[in-house]
Amino acid sequence: MGRFLQVAGLIIGLAGLVLQFCITVPASMEAGRGLLGSVVFYLSFFTILTNIGAVLVHVSLLSPTGYAWLPAFAGPRMRAGVAVSIAMVMIVYATVLARLWQPQGLFLLCDVLLHYVTPVLFVLWWLISGADGRTRWSDISWWVLYPIVYLIYALARAPLAGEVPYPFLDVAKNGSGSVAMASLAITGLFLAICVVAVLADQGIARLQTKTVR
């Protein structure tokens, strides 16, 4: 089951990312951005970056011999961290962002694949095959660096590009106080998911130990 989820996550994740790239870049260029600016725009979304991370984790563990093709993405800390991040992608989109726009056609397909299907597949895969009891509470301090660095990047890019990837990060429109509150709320959600992930990993390890005995 774990192998099926891994391969399915890899195929669907790649398909969603490639399709999103193929429709976003032309649409972005039609909106007035250049090719490089359109690629940067595509890579400026937390959803895209996190799905890329999920694909790289799957690729790193694809070898049937257990050899890690991409060692940096094969370790337990990275696997759990990506699981936390992609779970947040789904939760924030489903509860906040989904009601803000109504995608159609291929945009809707990508929307479903990258915000719902790949997160579910990755988290299930992690729970079945990726969790092994080696995550530690100290890992949370590493995991949280990702959304913090992303937030700094998104806010620093905003005045230069004249746009933000997500409406709740728009300081010019919402004010710095509102953006700060939204950022704190999402960081709090991320930390809560981190706690659940560590507890789940440790619980799964205990169950596996009892089963072996």
# chains A, B, ... in the order shown; residues from 1 in each chain; ligands from 1
$ closest_atom_pairs --of "region 129-180 of chain A" --to "region 89-92 of chain A" --cutoff "12 Å" --atoms "only C-alpha atoms" --output "CSV"
residue,atom,partner,partner_atom,distance
A:Pro147,CA,A:Val89,CA,10.9
A:Tyr166,CA,A:Val92,CA,10.9
A:Phe168,CA,A:Val92,CA,11.3
$ write_last_selection --atoms "all heavy atoms" --output "compact mmCIF listing (two decimals), in the first residue's frame"
# COMPACT_ATOMS: atom_id res chain seq x y z
N PRO A 147 8.26 27.90 6.45
CA PRO A 147 7.24 28.94 6.26
C PRO A 147 7.71 30.33 6.65
O PRO A 147 7.26 31.32 6.06
CB PRO A 147 6.07 28.47 7.15
CG PRO A 147 6.68 27.55 8.14
CD PRO A 147 7.81 26.87 7.42
N TYR A 166 -0.64 35.47 -2.06
CA TYR A 166 -1.88 35.19 -1.34
C TYR A 166 -2.47 36.50 -0.80
O TYR A 166 -1.72 37.35 -0.30
CB TYR A 166 -1.62 34.21 -0.20
CG TYR A 166 -1.06 32.89 -0.68
CD1 TYR A 166 0.29 32.59 -0.52
CD2 TYR A 166 -1.88 31.97 -1.33
CE1 TYR A 166 0.81 31.39 -0.99
CE2 TYR A 166 -1.37 30.76 -1.80
CZ TYR A 166 -0.02 30.48 -1.63
OH TYR A 166 0.48 29.29 -2.11
N PHE A 168 -4.03 37.41 1.85
CA PHE A 168 -3.85 37.79 3.25
C PHE A 168 -2.44 38.33 3.53
O PHE A 168 -2.15 38.77 4.64
CB PHE A 168 -4.17 36.62 4.18
CG PHE A 168 -3.45 35.33 3.87
CD1 PHE A 168 -2.13 35.14 4.23
CD2 PHE A 168 -4.11 34.30 3.22
CE1 PHE A 168 -1.47 33.96 3.94
CE2 PHE A 168 -3.47 33.11 2.92
CZ PHE A 168 -2.13 32.94 3.29
$ residues_around --residues "Ser141 (chain A)" --least-positions-apart "4" --cutoff "12 Å" --atoms "only C-alpha atoms" --output "number ranges by chain"
A: 77, 81, 135-137, 145-148, 190-191, 194-195
$ write_last_selection --atoms "all heavy atoms" --output "CSV table (one decimal), in the first residue's frame"
chain,number,residue,atom,x,y,z
A,77,ARG,N,13.5,13.5,9.1
A,77,ARG,CA,13.2,14.9,9.4
A,77,ARG,C,12.5,15.6,8.2
A,77,ARG,O,11.5,16.3,8.3
A,77,ARG,CB,14.4,15.7,9.9
A,77,ARG,CG,14.1,17.2,10.1
A,77,ARG,CD,15.4,18.0,10.3
A,77,ARG,NE,16.0,17.7,11.6
A,77,ARG,CZ,17.2,18.1,12.0
A,77,ARG,NH1,18.0,18.7,11.1
A,77,ARG,NH2,17.7,17.8,13.2
A,81,GLY,N,8.7,16.8,7.8
A,81,GLY,CA,8.5,18.2,7.6
A,81,GLY,C,7.7,18.5,6.4
A,81,GLY,O,6.8,19.4,6.4
A,135,THR,N,11.5,11.1,14.5
A,135,THR,CA,11.4,12.5,14.6
A,135,THR,C,11.5,12.9,16.1
A,135,THR,O,11.1,12.2,17.0
A,135,THR,CB,10.0,13.0,14.1
A,135,THR,OG1,8.9,12.4,14.7
A,135,THR,CG2,9.9,12.8,12.6
A,136,ARG,N,11.9,14.1,16.3
A,136,ARG,CA,12.1,14.6,17.7
A,136,ARG,C,11.5,16.0,17.8
A,136,ARG,O,11.2,16.7,16.8
A,136,ARG,CB,13.6,14.8,18.0
A,136,ARG,CG,14.4,13.5,17.9
A,136,ARG,CD,14.0,12.5,19.0
A,136,ARG,NE,14.7,11.3,19.0
A,136,ARG,CZ,14.3,10.2,18.4
A,136,ARG,NH1,13.1,10.2,17.8
A,136,ARG,NH2,15.0,9.1,18.4
A,137,TRP,N,11.2,16.4,19.0
A,137,TRP,CA,10.5,17.7,19.3
A,137,TRP,C,11.4,18.8,18.7
A,137,TRP,O,10.9,19.8,18.3
A,137,TRP,CB,10.2,17.9,20.7
A,137,TRP,CG,9.2,17.0,21.3
A,137,TRP,CD1,9.3,15.9,22.1
A,137,TRP,CD2,7.8,17.0,20.9
A,137,TRP,NE1,8.1,15.3,22.3
A,137,TRP,CE2,7.2,15.9,21.6
A,137,TRP,CE3,7.0,17.8,20.1
A,137,TRP,CZ2,5.8,15.7,21.5
A,137,TRP,CZ3,5.6,17.6,20.0
A,137,TRP,CH2,5.1,16.5,20.7
A,145,LEU,N,11.2,26.8,10.0
A,145,LEU,CA,12.1,27.8,9.2
A,145,LEU,C,11.5,27.9,7.8
A,145,LEU,O,11.6,29.0,7.2
A,145,LEU,CB,13.5,27.3,9.2
A,145,LEU,CG,14.3,27.4,10.4
A,145,LEU,CD1,15.7,26.8,10.2
A,145,LEU,CD2,14.4,28.8,10.9
A,146,TYR,N,11.0,26.9,7.3
A,146,TYR,CA,10.5,26.9,5.9
A,146,TYR,C,9.4,27.9,5.7
A,146,TYR,O,9.5,28.8,4.8
A,146,TYR,CB,10.0,25.5,5.5
A,146,TYR,CG,9.3,25.4,4.2
A,146,TYR,CD1,9.7,26.1,3.0
A,146,TYR,CD2,8.1,24.6,4.0
A,146,TYR,CE1,9.0,26.0,1.8
A,146,TYR,CE2,7.4,24.5,2.8
A,146,TYR,CZ,7.9,25.2,1.7
A,146,TYR,OH,7.2,25.2,0.5
A,147,PRO,N,8.3,27.9,6.5
A,147,PRO,CA,7.2,28.9,6.3
A,147,PRO,C,7.7,30.3,6.7
A,147,PRO,O,7.3,31.3,6.1
A,147,PRO,CB,6.1,28.5,7.2
A,147,PRO,CG,6.7,27.6,8.1
A,147,PRO,CD,7.8,26.9,7.4
A,148,ILE,N,8.6,30.4,7.6
A,148,ILE,CA,9.1,31.7,8.0
A,148,ILE,C,10.0,32.4,6.9
A,148,ILE,O,9.8,33.5,6.5
A,148,ILE,CB,10.0,31.7,9.3
A,148,ILE,CG1,9.0,31.4,10.5
A,148,ILE,CG2,10.7,33.0,9.5
A,148,ILE,CD1,9.8,31.1,11.8
A,190,PHE,N,0.6,25.9,11.8
A,190,PHE,CA,1.8,25.1,11.4
A,190,PHE,C,2.4,24.4,12.6
A,190,PHE,O,2.7,23.2,12.5
A,190,PHE,CB,2.8,26.0,10.7
A,190,PHE,CG,4.0,25.2,10.1
A,190,PHE,CD1,3.9,24.7,8.8
A,190,PHE,CD2,5.1,25.0,10.8
A,190,PHE,CE1,4.9,24.0,8.3
A,190,PHE,CE2,6.2,24.3,10.3
A,190,PHE,CZ,6.1,23.8,9.0
A,191,LEU,N,2.6,25.1,13.6
A,191,LEU,CA,3.1,24.6,14.9
A,191,LEU,C,2.2,23.5,15.4
A,191,LEU,O,2.7,22.4,15.9
A,191,LEU,CB,3.4,25.6,15.9
A,191,LEU,CG,4.5,26.6,15.5
A,191,LEU,CD1,4.6,27.8,16.6
A,191,LEU,CD2,5.9,25.9,15.5
A,194,CYS,N,2.7,20.4,13.5
A,194,CYS,CA,4.0,19.9,13.8
A,194,CYS,C,3.9,19.0,15.1
A,194,CYS,O,4.4,17.9,15.1
A,194,CYS,CB,5.0,21.0,14.1
A,194,CYS,SG,5.6,21.9,12.7
A,195,VAL,N,3.2,19.5,16.1
A,195,VAL,CA,3.0,18.7,17.3
A,195,VAL,C,2.3,17.4,17.0
A,195,VAL,O,2.7,16.3,17.5
A,195,VAL,CB,2.2,19.5,18.3
A,195,VAL,CG1,1.8,18.7,19.5
A,195,VAL,CG2,3.1,20.7,18.8
$ closest_residue --among "A:Phe46, A:Trp69, A:Phe4, A:Trp125" --to "Ser85 (chain A)" --atoms "only C-alpha atoms"
A:Phe46
$ closest_residue --among "A:Leu199, A:Tyr153, A:Leu14, A:Thr47" --to "Ala80 (chain A)" --atoms "only C-alpha atoms"
A:Leu199
$ closest_residue --among "A:Ser129, A:Ser183, A:Gln20, A:Thr95" --to "Ile48 (chain A)" --atoms "only C-alpha atoms"
A:Gln20
$ select_by_dssp --residues "region 52-193 of chain A" --states "helix (DSSP H, G or I)" --output "PyMOL selection string"
chain A and resi 52-60+71-73+76-100+105-130+139-143+145-161+167-169+171-174+176-193
$ atom_distance --atom1 "CA of Ala83 (chain A)" --atom2 "CA of Phe122 (chain A)"
6.6 Å
$ residues_around --residues "Gly2 (chain A)" --least-positions-apart "6" --cutoff "10 Å" --atoms "only C-alpha atoms" --output "PyMOL selection string"
chain A and resi 8+121-122+124-130
$ atom_distance --atom1 "CA of Ala205 (chain A)" --atom2 "CA of Gly188 (chain A)"
26.0 Å
$ decode --residues "region 3-14 of chain A" --atoms "all heavy atoms" --output "mmCIF file, in the first residue's frame"
data_model
loop_
_atom_site.group_PDB
_atom_site.id
_atom_site.type_symbol
_atom_site.label_atom_id
_atom_site.label_comp_id
_atom_site.auth_asym_id
_atom_site.auth_seq_id
_atom_site.Cartn_x
_atom_site.Cartn_y
_atom_site.Cartn_z
ATOM 1 N N ARG A 3 3.891 1.590 -1.157
ATOM 2 C CA ARG A 3 4.530 1.768 -2.458
ATOM 3 C C ARG A 3 3.548 2.338 -3.472
ATOM 4 O O ARG A 3 3.910 3.204 -4.283
ATOM 5 C CB ARG A 3 5.044 0.411 -2.957
ATOM 6 C CG ARG A 3 5.911 0.486 -4.212
ATOM 7 C CD ARG A 3 7.210 1.188 -3.916
ATOM 8 N NE ARG A 3 8.146 1.084 -5.023
ATOM 9 C CZ ARG A 3 9.358 1.615 -5.033
ATOM 10 N NH1 ARG A 3 9.777 2.291 -3.978
ATOM 11 N NH2 ARG A 3 10.156 1.482 -6.066
ATOM 12 N N PHE A 4 2.311 1.875 -3.421
ATOM 13 C CA PHE A 4 1.283 2.392 -4.329
ATOM 14 C C PHE A 4 1.059 3.879 -4.087
ATOM 15 O O PHE A 4 0.992 4.674 -5.041
ATOM 16 C CB PHE A 4 -0.024 1.629 -4.137
ATOM 17 C CG PHE A 4 -1.191 2.274 -4.820
ATOM 18 C CD1 PHE A 4 -1.381 2.133 -6.192
ATOM 19 C CD2 PHE A 4 -2.106 3.045 -4.105
ATOM 20 C CE1 PHE A 4 -2.455 2.743 -6.840
ATOM 21 C CE2 PHE A 4 -3.179 3.658 -4.735
ATOM 22 C CZ PHE A 4 -3.344 3.499 -6.109
ATOM 23 N N LEU A 5 0.950 4.276 -2.822
ATOM 24 C CA LEU A 5 0.741 5.685 -2.496
ATOM 25 C C LEU A 5 1.933 6.533 -2.926
ATOM 26 O O LEU A 5 1.762 7.661 -3.395
ATOM 27 C CB LEU A 5 0.503 5.844 -0.994
ATOM 28 C CG LEU A 5 -0.815 5.282 -0.447
ATOM 29 C CD1 LEU A 5 -0.802 5.287 1.077
ATOM 30 C CD2 LEU A 5 -1.996 6.083 -0.969
ATOM 31 N N GLN A 6 3.134 5.983 -2.782
ATOM 32 C CA GLN A 6 4.332 6.715 -3.188
ATOM 33 C C GLN A 6 4.348 6.961 -4.695
ATOM 34 O O GLN A 6 4.577 8.078 -5.152
ATOM 35 C CB GLN A 6 5.576 5.933 -2.782
ATOM 36 C CG GLN A 6 6.876 6.623 -3.163
ATOM 37 C CD GLN A 6 8.083 5.746 -2.916
ATOM 38 O OE1 GLN A 6 7.968 4.536 -2.745
ATOM 39 N NE2 GLN A 6 9.254 6.351 -2.901
ATOM 40 N N VAL A 7 4.110 5.909 -5.476
ATOM 41 C CA VAL A 7 4.128 6.044 -6.929
ATOM 42 C C VAL A 7 2.980 6.931 -7.396
ATOM 43 O O VAL A 7 3.152 7.792 -8.271
ATOM 44 C CB VAL A 7 4.049 4.653 -7.602
ATOM 45 C CG1 VAL A 7 3.914 4.798 -9.117
ATOM 46 C CG2 VAL A 7 5.294 3.837 -7.268
ATOM 47 N N ALA A 8 1.801 6.750 -6.808
ATOM 48 C CA ALA A 8 0.650 7.577 -7.175
ATOM 49 C C ALA A 8 0.912 9.036 -6.836
ATOM 50 O O ALA A 8 0.611 9.946 -7.625
ATOM 51 C CB ALA A 8 -0.601 7.088 -6.458
ATOM 52 N N GLY A 9 1.498 9.275 -5.666
ATOM 53 C CA GLY A 9 1.819 10.650 -5.275
ATOM 54 C C GLY A 9 2.826 11.285 -6.199
ATOM 55 O O GLY A 9 2.715 12.467 -6.542
ATOM 56 N N LEU A 10 3.815 10.489 -6.624
ATOM 57 C CA LEU A 10 4.842 10.998 -7.535
ATOM 58 C C LEU A 10 4.236 11.352 -8.892
ATOM 59 O O LEU A 10 4.467 12.445 -9.418
ATOM 60 C CB LEU A 10 5.942 9.955 -7.711
ATOM 61 C CG LEU A 10 7.012 10.264 -8.758
ATOM 62 C CD1 LEU A 10 7.723 11.568 -8.442
ATOM 63 C CD2 LEU A 10 8.007 9.110 -8.859
ATOM 64 N N ILE A 11 3.460 10.437 -9.456
ATOM 65 C CA ILE A 11 2.881 10.656 -10.785
ATOM 66 C C ILE A 11 1.901 11.822 -10.780
ATOM 67 O O ILE A 11 1.964 12.719 -11.633
ATOM 68 C CB ILE A 11 2.189 9.377 -11.286
ATOM 69 C CG1 ILE A 11 3.238 8.282 -11.528
ATOM 70 C CG2 ILE A 11 1.398 9.647 -12.566
ATOM 71 C CD1 ILE A 11 2.645 6.928 -11.867
ATOM 72 N N ILE A 12 0.995 11.816 -9.802
ATOM 73 C CA ILE A 12 -0.014 12.876 -9.753
ATOM 74 C C ILE A 12 0.625 14.216 -9.400
ATOM 75 O O ILE A 12 0.255 15.263 -9.951
ATOM 76 C CB ILE A 12 -1.119 12.511 -8.747
ATOM 77 C CG1 ILE A 12 -1.891 11.287 -9.252
ATOM 78 C CG2 ILE A 12 -2.080 13.683 -8.537
ATOM 79 C CD1 ILE A 12 -2.904 10.746 -8.275
ATOM 80 N N GLY A 13 1.608 14.190 -8.501
ATOM 81 C CA GLY A 13 2.294 15.429 -8.149
ATOM 82 C C GLY A 13 3.023 16.039 -9.333
ATOM 83 O O GLY A 13 2.924 17.233 -9.590
ATOM 84 N N LEU A 14 3.743 15.198 -10.077
ATOM 85 C CA LEU A 14 4.444 15.681 -11.265
ATOM 86 C C LEU A 14 3.457 16.203 -12.307
ATOM 87 O O LEU A 14 3.671 17.262 -12.905
ATOM 88 C CB LEU A 14 5.291 14.560 -11.868
ATOM 89 C CG LEU A 14 6.690 14.370 -11.300
ATOM 90 C CD1 LEU A 14 7.345 13.139 -11.923
ATOM 91 C CD2 LEU A 14 7.543 15.600 -11.523
#
